[in-house]
Amino acid sequence: MDAQIIDPLVRLIWLCGAVAFVIGLSRMNSPATARQGNLISAGGMTLAIGATAVWLLVLPPTGSFNPTGWLVILAGVAVGGGYGLYSARTVKMTAMPQLVSLFNAVGGGAAALIAIDEYLRHTGVPPLQDNVATVLDIVIGSITFTGSLIASGKLMGLRITPSRPVMIPGGRLVTSALAIVVVAGALFLFAGNYNVAVMLAILAAALIFGVTMTLPIGGADMPVVISLLNSFTGTAVAMAGFVLNNPLLIIAGALVGASGAILTKLMADAMNRSILNIMLGGFGGGDSTVSAIAGPGGSVREVSIDDAAIQLAYAASVIVVPGYGLAVAQAQHNVRELAELLEGRGVDVKYAIHPVAGRMPGHMNVLLAEANVPYPQLREMEDINPEFDRCDVALVIGANDVTNPAARRPGSPVSGMPILDVDHAKNIIVIKRSMGRGYAGIDNELYSNPKTGMLFADAKAGLAELITAVKAL
Amino acid sequence: MNIDLAFTIFVLAILLGIAVISKVPATLHTPLMSGANSIHGIVLVGAMIIAVTASDPLAYILSFLAVAFASLNVVGGYVVTDRMLQMFRRKPAAPKAGKAER
């Protein structure tokens with residue numbers, strides 16, 4: 001076939017791909033159609049990439065077949081795709097957020113690499129619009145690359161990237177200096193200069209900026225940051241589309257950039273935090289001392305396994321509050337076993353899911369669904385909060401900050417964060433490994449509540465013992 | 001494609017992106033983010049274009065990295081999103097009785 005047929009045909013298939021992305025995204029708004037939506041989107045992606053491969057084979061842009069180039073493509077797809085398939089299939093669902101962040105990082109990195117490569121190929125001063133798109137692509141892509149890597153490291157709890165906010169000495173000064181380098185460099189290039197050294201300086205500044213931007217942000221805010229960086233990557237890809245003059249990249253990139261921004265807003269709203277607030281510093285500004293803990297300080301009551309088992313077994317209703325501790329201990333299956341045991345004794349069991357339980361919004365739902373917990377038993381925060389007043393026992397498993405009543409008062413680092421009203425329950429049992437603090441780095445007043453019995457154990461071991469004890473009753 | 005046409009497409013796609021995300025339940029925030037994350041893996045198309053038009057070693061290295069990064073984004077993104085969403089399928093054990101309760 002000749003160019004006059006192939007070329008418009010490929011563009012038409014690209015359009016189909018873009019349509020599939022839009023339909024796929026809109027179907028992902030509801031649980032019932034979400035999986036199908038993702039498959040539609042994947043189908044569009046396969047189609048678009050396949051059409052591109054045919055197009056590049058039949059109509060090579062350079063006029064002749066480039067064997068080395070194709071070798072590079074095959075090797076790259078094998079390495080990247082192979083690792084992607086392996087890691088996505090083997091990752092534990094608890095570690096999934098950091099993997100998504102890694103995928104986001106490399107997406108931004110790829111967009112930045114395209115702009116760098118295109119820039120190096122210019123021989124003279126590129127037209128202004130190319131210059132603008134190139135610089136924006138490099139800047140946004142590099143910020144997402146390092147920023148998402150840091151976010152991923154924070155979620156993994158690596159020693160170099162601890163999940164707590166890390167204050168960089170003179171952070172504001174460093175950030176301002178980096179911003180000045182980027183802006184000055186950009187203006188110099190826009191003024192009609194072609195200078196590889198300046199481009200590299202902009203690149204370096206943006207890479208460092210990604211690090212300094214993400215390090216000071218606390219682990220609890222990471223989901224919002226990853227979503228924001230996801231939106232950035234979309235924008236960087238759209239800029240790569242301008243650089244390469246490719247409509248598909250522009251459409252898909254802008255689509256993700258915009259929808260990612262809306263999603264970031266929704267996530268921040270769910271945590272009652274503003275995006276600006278999050279970006280400007282760690283939880284509560286990072287400088288808040290832990291002075292907010294007034295009243296009962298040390299008096300914590302421990303409860304024995306048998307006492308806890310009796311309370312649970314003879315309750316009329318139990319609300320389970322799962323948190324990240326449950327996820328890391330991989331105790332979701334044990335929790336379901338205990339719940340089924342209690343239900344067998346006629347206890348009404350529900351799960352209270354905080355919007356940010358686990359490590360990301362919706363993460364806990366995924367983990368419990370994996371353990372075959374019936375979907376209708378999972379209740380969202382607004383839905384379940386009034387029920388704590390009528391509930392006999394609230395069983396908190398590895399959840400901390402999201403249950404801290406200090407959030408209702410001003411002056412605490414968690415102030416204003418929506419919490420589960422666990423303290424309204426008649427009795428509270430907390431399974432926790434130690435009195436260690438959560439992400440916010442403050443003590444939880446719930447633990448010193450007279451109604452609370454602390455069961456110090458690993459979530460999985462503690463639940464296993466509880467199951468044995470309930471069975472023995 | 002000239003710049004004003006490209007810019008028009010860009011702006012319209014932004015509006016579409018805003019419109020397509022409605023009120024999403026918090027349950028789906030993570031899968032939706034992951035799904036959007038896979039879509040920007042389309043950058044693979046761009047990485048392929050720079051690979052076949054490359055002519056010097058540096059360009060080949062850069063395009064290899066770009067292709068590998070973009071493939072990781074696409075393949076990993078879709079597979080992990082599907083794994084997440086797989087878990088939301090209706091369980092036979094939980095018929096619509098639960099739905100009426102909500």
# chains A, B, ... in the order shown; residues from 1 in each chain; ligands from 1
$ residues_around --residues "Ser22 of chain B" --least-positions-apart "5" --cutoff "10 Å" --atoms "only C-alpha atoms" --output "VMD selection string"
chain A and resid 26 29 to 30 259 262 to 263 266
$ interface_residues --of "chain A" --to "chain B" --cutoff "6 Å" --atoms "only C-alpha atoms" --output "PyMOL selection string"
chain A and resi 26+29+35+66+69+72+76-77+80-81+84-85+88+103+106-107+110+113+234+250-251+253-256+258-259+355+361-362+369-370+374+376
$ write_last_selection --atoms "C-alpha atoms" --output "tab-separated table (two decimals), in the first residue's frame"
chain	number	residue	atom	x	y	z
A	26	SER	CA	-15.11	7.39	32.01
A	29	ASN	CA	-15.72	6.09	37.44
A	35	ARG	CA	-12.34	-3.32	34.90
A	66	ASN	CA	16.76	1.68	10.24
A	69	GLY	CA	16.61	1.74	15.54
A	72	VAL	CA	16.73	-0.53	20.03
A	76	GLY	CA	13.69	-1.56	25.00
A	77	VAL	CA	10.25	-3.18	24.80
A	80	GLY	CA	10.87	-2.46	29.99
A	81	GLY	CA	7.82	-4.53	29.11
A	84	GLY	CA	6.76	-4.27	33.89
A	85	LEU	CA	4.90	-7.53	33.39
A	88	ALA	CA	3.07	-5.93	38.12
A	103	PHE	CA	5.63	3.43	36.60
A	106	VAL	CA	9.54	6.23	34.13
A	107	GLY	CA	6.67	7.67	32.08
A	110	ALA	CA	10.56	8.85	28.85
A	113	LEU	CA	14.27	11.87	27.20
A	234	GLY	CA	0.37	13.55	31.47
A	250	ILE	CA	-1.11	15.60	22.77
A	251	ILE	CA	-4.60	14.18	23.28
A	253	GLY	CA	-1.25	13.54	27.61
A	254	ALA	CA	-3.71	16.40	28.03
A	255	LEU	CA	-6.44	13.93	28.98
A	256	VAL	CA	-4.34	12.42	31.77
A	258	ALA	CA	-6.51	17.20	33.31
A	259	SER	CA	-8.21	14.13	34.73
A	355	PRO	CA	-10.71	7.00	52.65
A	361	PRO	CA	-7.30	5.96	48.81
A	362	GLY	CA	-9.11	2.74	48.12
A	369	ALA	CA	-11.55	-7.71	48.50
A	370	GLU	CA	-8.48	-9.84	47.84
A	374	PRO	CA	-18.02	-9.47	50.90
A	376	PRO	CA	-21.30	-4.83	50.99
$ select_by_dssp --residues "segment 7-101 of chain B" --states "alpha helix (DSSP H)" --output "number ranges by chain"
B: 7-20, 29-39, 43-52, 57-71, 77-86, 97-101
$ closest_residue --among "A:Ala472, A:Leu15, A:Met271, A:Ala308" --to "Val396 of chain A" --atoms "only C-alpha atoms"
A:Ala308
$ atom_distance --atom1 "atom CA of Ile168 of chain A" --atom2 "atom CA of Pro410 of chain A"
26.8 Å
$ closest_residue --among "A:Gly325, A:Gly147, A:Gly453, A:Pro247" --to "Gln311 of chain A" --atoms "only C-alpha atoms"
A:Gly453
$ closest_residue --among "A:Ala115, A:Met360, A:Met267, A:Leu473" --to "Ala133 of chain A" --atoms "only C-alpha atoms"
A:Ala115
$ decode --residues "segment 42-54 of chain B" --atoms "N, CA and C atoms" --output "compact mmCIF listing (two decimals), in the first residue's frame"
# COMPACT_ATOMS: atom_id res chain seq x y z
N ILE B 42 1.44 6.08 26.56
CA ILE B 42 1.37 6.32 25.11
C ILE B 42 2.64 6.99 24.62
N VAL B 43 3.41 7.54 25.55
CA VAL B 43 4.68 8.16 25.20
C VAL B 43 5.59 7.15 24.49
N LEU B 44 5.24 5.87 24.60
CA LEU B 44 5.98 4.83 23.86
C LEU B 44 5.98 5.12 22.35
N VAL B 45 4.84 5.63 21.85
CA VAL B 45 4.77 5.98 20.42
C VAL B 45 5.87 7.00 20.09
N GLY B 46 6.02 8.00 20.93
CA GLY B 46 7.07 9.00 20.70
C GLY B 46 8.45 8.39 20.81
N ALA B 47 8.63 7.49 21.78
CA ALA B 47 9.94 6.87 21.96
C ALA B 47 10.31 6.02 20.74
N MET B 48 9.30 5.34 20.14
CA MET B 48 9.55 4.55 18.93
C MET B 48 9.96 5.46 17.78
N ILE B 49 9.29 6.61 17.68
CA ILE B 49 9.61 7.54 16.58
C ILE B 49 11.04 8.02 16.71
N ILE B 50 11.48 8.40 17.92
CA ILE B 50 12.87 8.89 18.02
C ILE B 50 13.87 7.75 17.82
N ALA B 51 13.46 6.52 18.10
CA ALA B 51 14.39 5.39 17.91
C ALA B 51 14.66 5.14 16.42
N VAL B 52 13.60 5.13 15.59
CA VAL B 52 13.83 4.83 14.17
C VAL B 52 14.44 6.01 13.42
N THR B 53 14.38 7.21 13.99
CA THR B 53 14.99 8.35 13.31
C THR B 53 16.36 8.68 13.89
N ALA B 54 16.84 7.86 14.83
CA ALA B 54 18.14 8.13 15.45
C ALA B 54 19.26 7.81 14.46
